[in-house]
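Novice: Below are the structure tokens for one structure; questions will follow.
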Amino acid sequence: MKEMISENLKQVHQNIQSACLRGGRSPADITLIAVSKTKPLEELFEAYGCGERNFGENKVQEILQKAPQMPEDTCFHMIGHLQRNKVRQVLPHVKMIHSVDSVRLAREIEQEAERLGKTVDILLEVNVAGEESKFGFSLEDTMDGVLQISRFPHIRICGLMTIAPFVENPELNRPVFQKLFQLYVDIKHKNIDNVNMSVLSMGMTGDYQVAVEEGATMIRVGTGIFGVR
Ligand SMILES: *Cc1c(COP(=O)(O)O)cnc(C)c1O
């Protein structure tokens, strides 16, 4: 298991480098989020030992369990659908919430952040392909969501996130990544107060190389690091 995780990480970082070369990107601009959902703490420690500091989880319960046991400089990213009644519990333990999929959820985060006296970094989740089964703002509604959420003083909008469709051939997701990148640039150019478009979270094990070529700044890789769940 030890060897596997470190070998996998080497491979992922190599693939990021190659994708950066193809896309004219700098590896320094890409943050790897090691998606450790369902995996035991020892495996997170393995990845930590290899230098990884950013971990992705999709369940509040799992974050509450794991976060206090990891070294202080570990950053947890909430990447799964977040229920409003779990916001209070999870806020103290996460570096960033990637999955803000409604203004209602953002309002709840605002209230809890104010209570804690902190500012919370978030991404808006965009359902680019319009899949029924997925959460997120539609491409059309995202700008309005950004404008509304930008009025919350204890929230910092840092960018956008998407979960692309599950496909065998990652090339099929290239247009999805291109559309989200375009929207990201459009919003950035509006220079909206309290909005700092600097993060584009897209790409998973099957398609992160294409996502990097198309402008991702955070990629979320689980299976490619820790093996199948
Ligand atoms: C599970 C998950 C991932 C990682 O998926 P892999 O295919 O295992 O790399 C990325 N993003 C989200 C939102 C997830 O839930």
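Every chain in the structure tokens has a letter given in the order shown (A, B, ...), and although residue numbers restart at 1 in each chain, ligands are simply numbered from 1 in the order shown.
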Give the strand (DSSP E) residues of region 18-206 of chain A, as DSSP finds them on the backbone, and put them as number ranges by chain.

Specialist: A: 31-35, 54-57, 75-78, 96-100, 120-125, 155-161, 195-201

Novice: Write out as JSON lines the residues of chain A that have any atom within 7 Å of an atom of ligand 1, one row each with the nearest atom pair and its distance in Å to one decimal, counting only C-alpha atoms and all ligand atoms, sorted by chain and then rising number.

Specialist:
```
{"residue": "A:Val35", "atom": "CA", "partner": "ligand 1", "partner_atom_place_in_ligand_line": "4 (C)", "distance": 5.5}
{"residue": "A:Lys37", "atom": "CA", "partner": "ligand 1", "partner_atom_place_in_ligand_line": "1 (C)", "distance": 6.9}
{"residue": "A:Asn58", "atom": "CA", "partner": "ligand 1", "partner_atom_place_in_ligand_line": "15 (O)", "distance": 5.9}
{"residue": "A:Ile79", "atom": "CA", "partner": "ligand 1", "partner_atom_place_in_ligand_line": "13 (C)", "distance": 4.7}
{"residue": "A:Gly80", "atom": "CA", "partner": "ligand 1", "partner_atom_place_in_ligand_line": "13 (C)", "distance": 5.3}
{"residue": "A:Ile163", "atom": "CA", "partner": "ligand 1", "partner_atom_place_in_ligand_line": "13 (C)", "distance": 6.0}
{"residue": "A:Met204", "atom": "CA", "partner": "ligand 1", "partner_atom_place_in_ligand_line": "9 (O)", "distance": 4.2}
{"residue": "A:Thr205", "atom": "CA", "partner": "ligand 1", "partner_atom_place_in_ligand_line": "9 (O)", "distance": 3.7}
{"residue": "A:Gly206", "atom": "CA", "partner": "ligand 1", "partner_atom_place_in_ligand_line": "7 (O)", "distance": 6.0}
{"residue": "A:Arg220", "atom": "CA", "partner": "ligand 1", "partner_atom_place_in_ligand_line": "10 (C)", "distance": 4.6}
{"residue": "A:Val221", "atom": "CA", "partner": "ligand 1", "partner_atom_place_in_ligand_line": "9 (O)", "distance": 3.7}
{"residue": "A:Gly222", "atom": "CA", "partner": "ligand 1", "partner_atom_place_in_ligand_line": "8 (O)", "distance": 3.6}
{"residue": "A:Thr223", "atom": "CA", "partner": "ligand 1", "partner_atom_place_in_ligand_line": "8 (O)", "distance": 3.7}
{"residue": "A:Gly224", "atom": "CA", "partner": "ligand 1", "partner_atom_place_in_ligand_line": "9 (O)", "distance": 5.9}
```

Novice: So how far away is CA of Val167 (chain A) from CA of Pro27 (chain A), in Å?

Specialist: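 Distance between the two atoms: 25.3 Å.
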
Novice: When you look at Glu125 (chain A) with a cut-off of 6 Å (counting only C-alpha atoms), what residues show up, excluding the ones that are within fewer than 2 positions of it in the same chain? I need them as number ranges by chain.

Specialist: A: 99-101, 136, 160-162

Novice: Let's have the selection written as a tab-separated table (two decimals), in the first residue's frame, with all heavy atoms.

Specialist:
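Written out: out-v4.tsv:
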```tsv
chain	number	residue	atom	x	y	z
A	99	SER	N	-18.27	23.06	-3.18
A	99	SER	CA	-19.56	22.58	-3.66
A	99	SER	C	-20.73	23.47	-3.25
A	99	SER	O	-21.77	22.98	-2.85
A	99	SER	CB	-19.77	21.17	-3.12
A	99	SER	OG	-19.36	21.11	-1.75
A	100	VAL	N	-20.55	24.78	-3.34
A	100	VAL	CA	-21.67	25.68	-3.03
A	100	VAL	C	-22.59	25.72	-4.25
A	100	VAL	O	-22.22	26.22	-5.31
A	100	VAL	CB	-21.17	27.09	-2.64
A	100	VAL	CG1	-22.35	28.05	-2.47
A	100	VAL	CG2	-20.36	27.01	-1.36
A	101	ASP	N	-23.76	25.11	-4.10
A	101	ASP	CA	-24.64	24.87	-5.25
A	101	ASP	C	-25.94	25.65	-5.19
A	101	ASP	O	-26.83	25.44	-6.01
A	101	ASP	CB	-24.91	23.37	-5.40
A	101	ASP	CG	-25.42	22.74	-4.10
A	101	ASP	OD1	-25.86	23.49	-3.20
A	101	ASP	OD2	-25.36	21.50	-3.99
A	136	GLY	N	-25.65	21.84	-8.55
A	136	GLY	CA	-24.89	22.96	-9.09
A	136	GLY	C	-25.73	23.96	-9.85
A	136	GLY	O	-26.86	23.68	-10.25
A	160	LEU	N	-14.71	28.69	-9.46
A	160	LEU	CA	-15.76	27.76	-9.88
A	160	LEU	C	-15.27	26.32	-9.81
A	160	LEU	O	-14.08	26.05	-9.88
A	160	LEU	CB	-16.19	28.08	-11.32
A	160	LEU	CG	-16.63	29.51	-11.64
A	160	LEU	CD1	-16.94	29.64	-13.14
A	160	LEU	CD2	-17.85	29.91	-10.80
A	161	MET	N	-16.23	25.42	-9.69
A	161	MET	CA	-15.92	23.98	-9.66
A	161	MET	C	-16.93	23.25	-10.52
A	161	MET	O	-18.09	23.68	-10.63
A	161	MET	CB	-16.02	23.50	-8.21
A	161	MET	CG	-15.82	22.02	-8.00
A	161	MET	SD	-17.32	21.02	-8.17
A	161	MET	CE	-17.22	20.01	-6.72
A	162	THR	N	-16.49	22.18	-11.18
A	162	THR	CA	-17.47	21.31	-11.84
A	162	THR	C	-17.07	19.86	-11.71
A	162	THR	O	-15.88	19.53	-11.55
A	162	THR	CB	-17.67	21.66	-13.33
A	162	THR	OG1	-18.90	21.05	-13.78
A	162	THR	CG2	-16.53	21.17	-14.21
```

Novice: Under the rule that only C-alpha atoms are counted, which of A:Asn54, A:Ser26, A:Gln61, A:Ser138 is the nearest residue to Lys95 (chain A)?

Specialist: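 For Lys95 (chain A), the nearest of the given residues is A:Asn54.
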
Novice: Pull the helix (DSSP H, G or I) assignments for region 13-215 of chain A out of DSSP run on the backbone, and list those residues as a count of residues only.

Specialist: 94

Novice: Can you work out which one of A:Val146, A:Val103, A:Leu180, A:Ile122 has the shortest atom-to-atom distance to Glu214 (chain A), counting only C-alpha atoms?

Specialist: A:Leu180

Novice: Distance CA of Lys188 (chain A)-CA of Arg156 (chain A), one decimal place?

Specialist: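 CA of Arg156 (chain A) lies 13.6 Å from CA of Lys188 (chain A).
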
Novice: Kindly indicate which residue among A:Gly23, A:Gly51, A:Gly203, A:Pro153 lies nearest to Ile5 (chain A), using only C-alpha atoms for the distances.

Specialist: A:Gly51

Novice: Wanna dump the region 3-99 of chain A-region 108-111 of chain A contacts at 10 Å for me, each residue with its shortest atom pair and the distance in Å to one decimal, counting only C-alpha atoms, ordered by chain and number, as JSON lines?

Specialist:
```
{"residue": "A:Gln83", "atom": "CA", "partner": "A:Glu108", "partner_atom": "CA", "distance": 9.7}
{"residue": "A:Arg84", "atom": "CA", "partner": "A:Glu108", "partner_atom": "CA", "distance": 6.3}
{"residue": "A:Asn85", "atom": "CA", "partner": "A:Glu108", "partner_atom": "CA", "distance": 8.5}
{"residue": "A:Lys86", "atom": "CA", "partner": "A:Glu108", "partner_atom": "CA", "distance": 9.8}
{"residue": "A:Val87", "atom": "CA", "partner": "A:Ile109", "partner_atom": "CA", "distance": 6.3}
{"residue": "A:Arg88", "atom": "CA", "partner": "A:Ile109", "partner_atom": "CA", "distance": 7.8}
{"residue": "A:Leu91", "atom": "CA", "partner": "A:Ile109", "partner_atom": "CA", "distance": 8.0}
{"residue": "A:Ile97", "atom": "CA", "partner": "A:Ile109", "partner_atom": "CA", "distance": 9.8}
```

Novice: Please, could you write that set of residues out with N, CA and C atoms as a PDB file, in the first residue's frame?

Specialist:
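Output file result_33.pdb is given in full below:
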```
ATOM      1  N   GLN A  83     -25.256  19.780   3.119  1.00  0.00           N
ATOM      2  CA  GLN A  83     -26.579  20.136   3.628  1.00  0.00           C
ATOM      3  C   GLN A  83     -26.452  21.333   4.566  1.00  0.00           C
ATOM      4  N   ARG A  84     -27.480  22.178   4.540  1.00  0.00           N
ATOM      5  CA  ARG A  84     -27.391  23.401   5.338  1.00  0.00           C
ATOM      6  C   ARG A  84     -27.232  23.109   6.823  1.00  0.00           C
ATOM      7  N   ASN A  85     -27.869  22.039   7.294  1.00  0.00           N
ATOM      8  CA  ASN A  85     -27.783  21.750   8.732  1.00  0.00           C
ATOM      9  C   ASN A  85     -26.431  21.161   9.170  1.00  0.00           C
ATOM     10  N   LYS A  86     -25.507  20.972   8.210  1.00  0.00           N
ATOM     11  CA  LYS A  86     -24.173  20.464   8.564  1.00  0.00           C
ATOM     12  C   LYS A  86     -23.108  21.553   8.483  1.00  0.00           C
ATOM     13  N   VAL A  87     -23.515  22.746   8.047  1.00  0.00           N
ATOM     14  CA  VAL A  87     -22.542  23.825   7.815  1.00  0.00           C
ATOM     15  C   VAL A  87     -21.799  24.176   9.104  1.00  0.00           C
ATOM     16  N   ARG A  88     -22.547  24.313  10.189  1.00  0.00           N
ATOM     17  CA  ARG A  88     -21.952  24.742  11.456  1.00  0.00           C
ATOM     18  C   ARG A  88     -20.828  23.805  11.885  1.00  0.00           C
ATOM     19  N   LEU A  91     -17.551  23.898   9.156  1.00  0.00           N
ATOM     20  CA  LEU A  91     -16.785  25.128   8.871  1.00  0.00           C
ATOM     21  C   LEU A  91     -15.423  25.217   9.549  1.00  0.00           C
ATOM     22  N   ILE A  97     -14.729  25.336   0.552  1.00  0.00           N
ATOM     23  CA  ILE A  97     -15.902  24.540   0.166  1.00  0.00           C
ATOM     24  C   ILE A  97     -16.068  24.674  -1.343  1.00  0.00           C
TER      25      ILE A  97
END
```

Novice: Just the number, please: distance in Å from CA of Leu183 (chain A) to CA of Ser198 (chain A), one decimal.

Specialist: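 Calculated distance between CA of Leu183 (chain A) and CA of Ser198 (chain A) is 12.5 Å.
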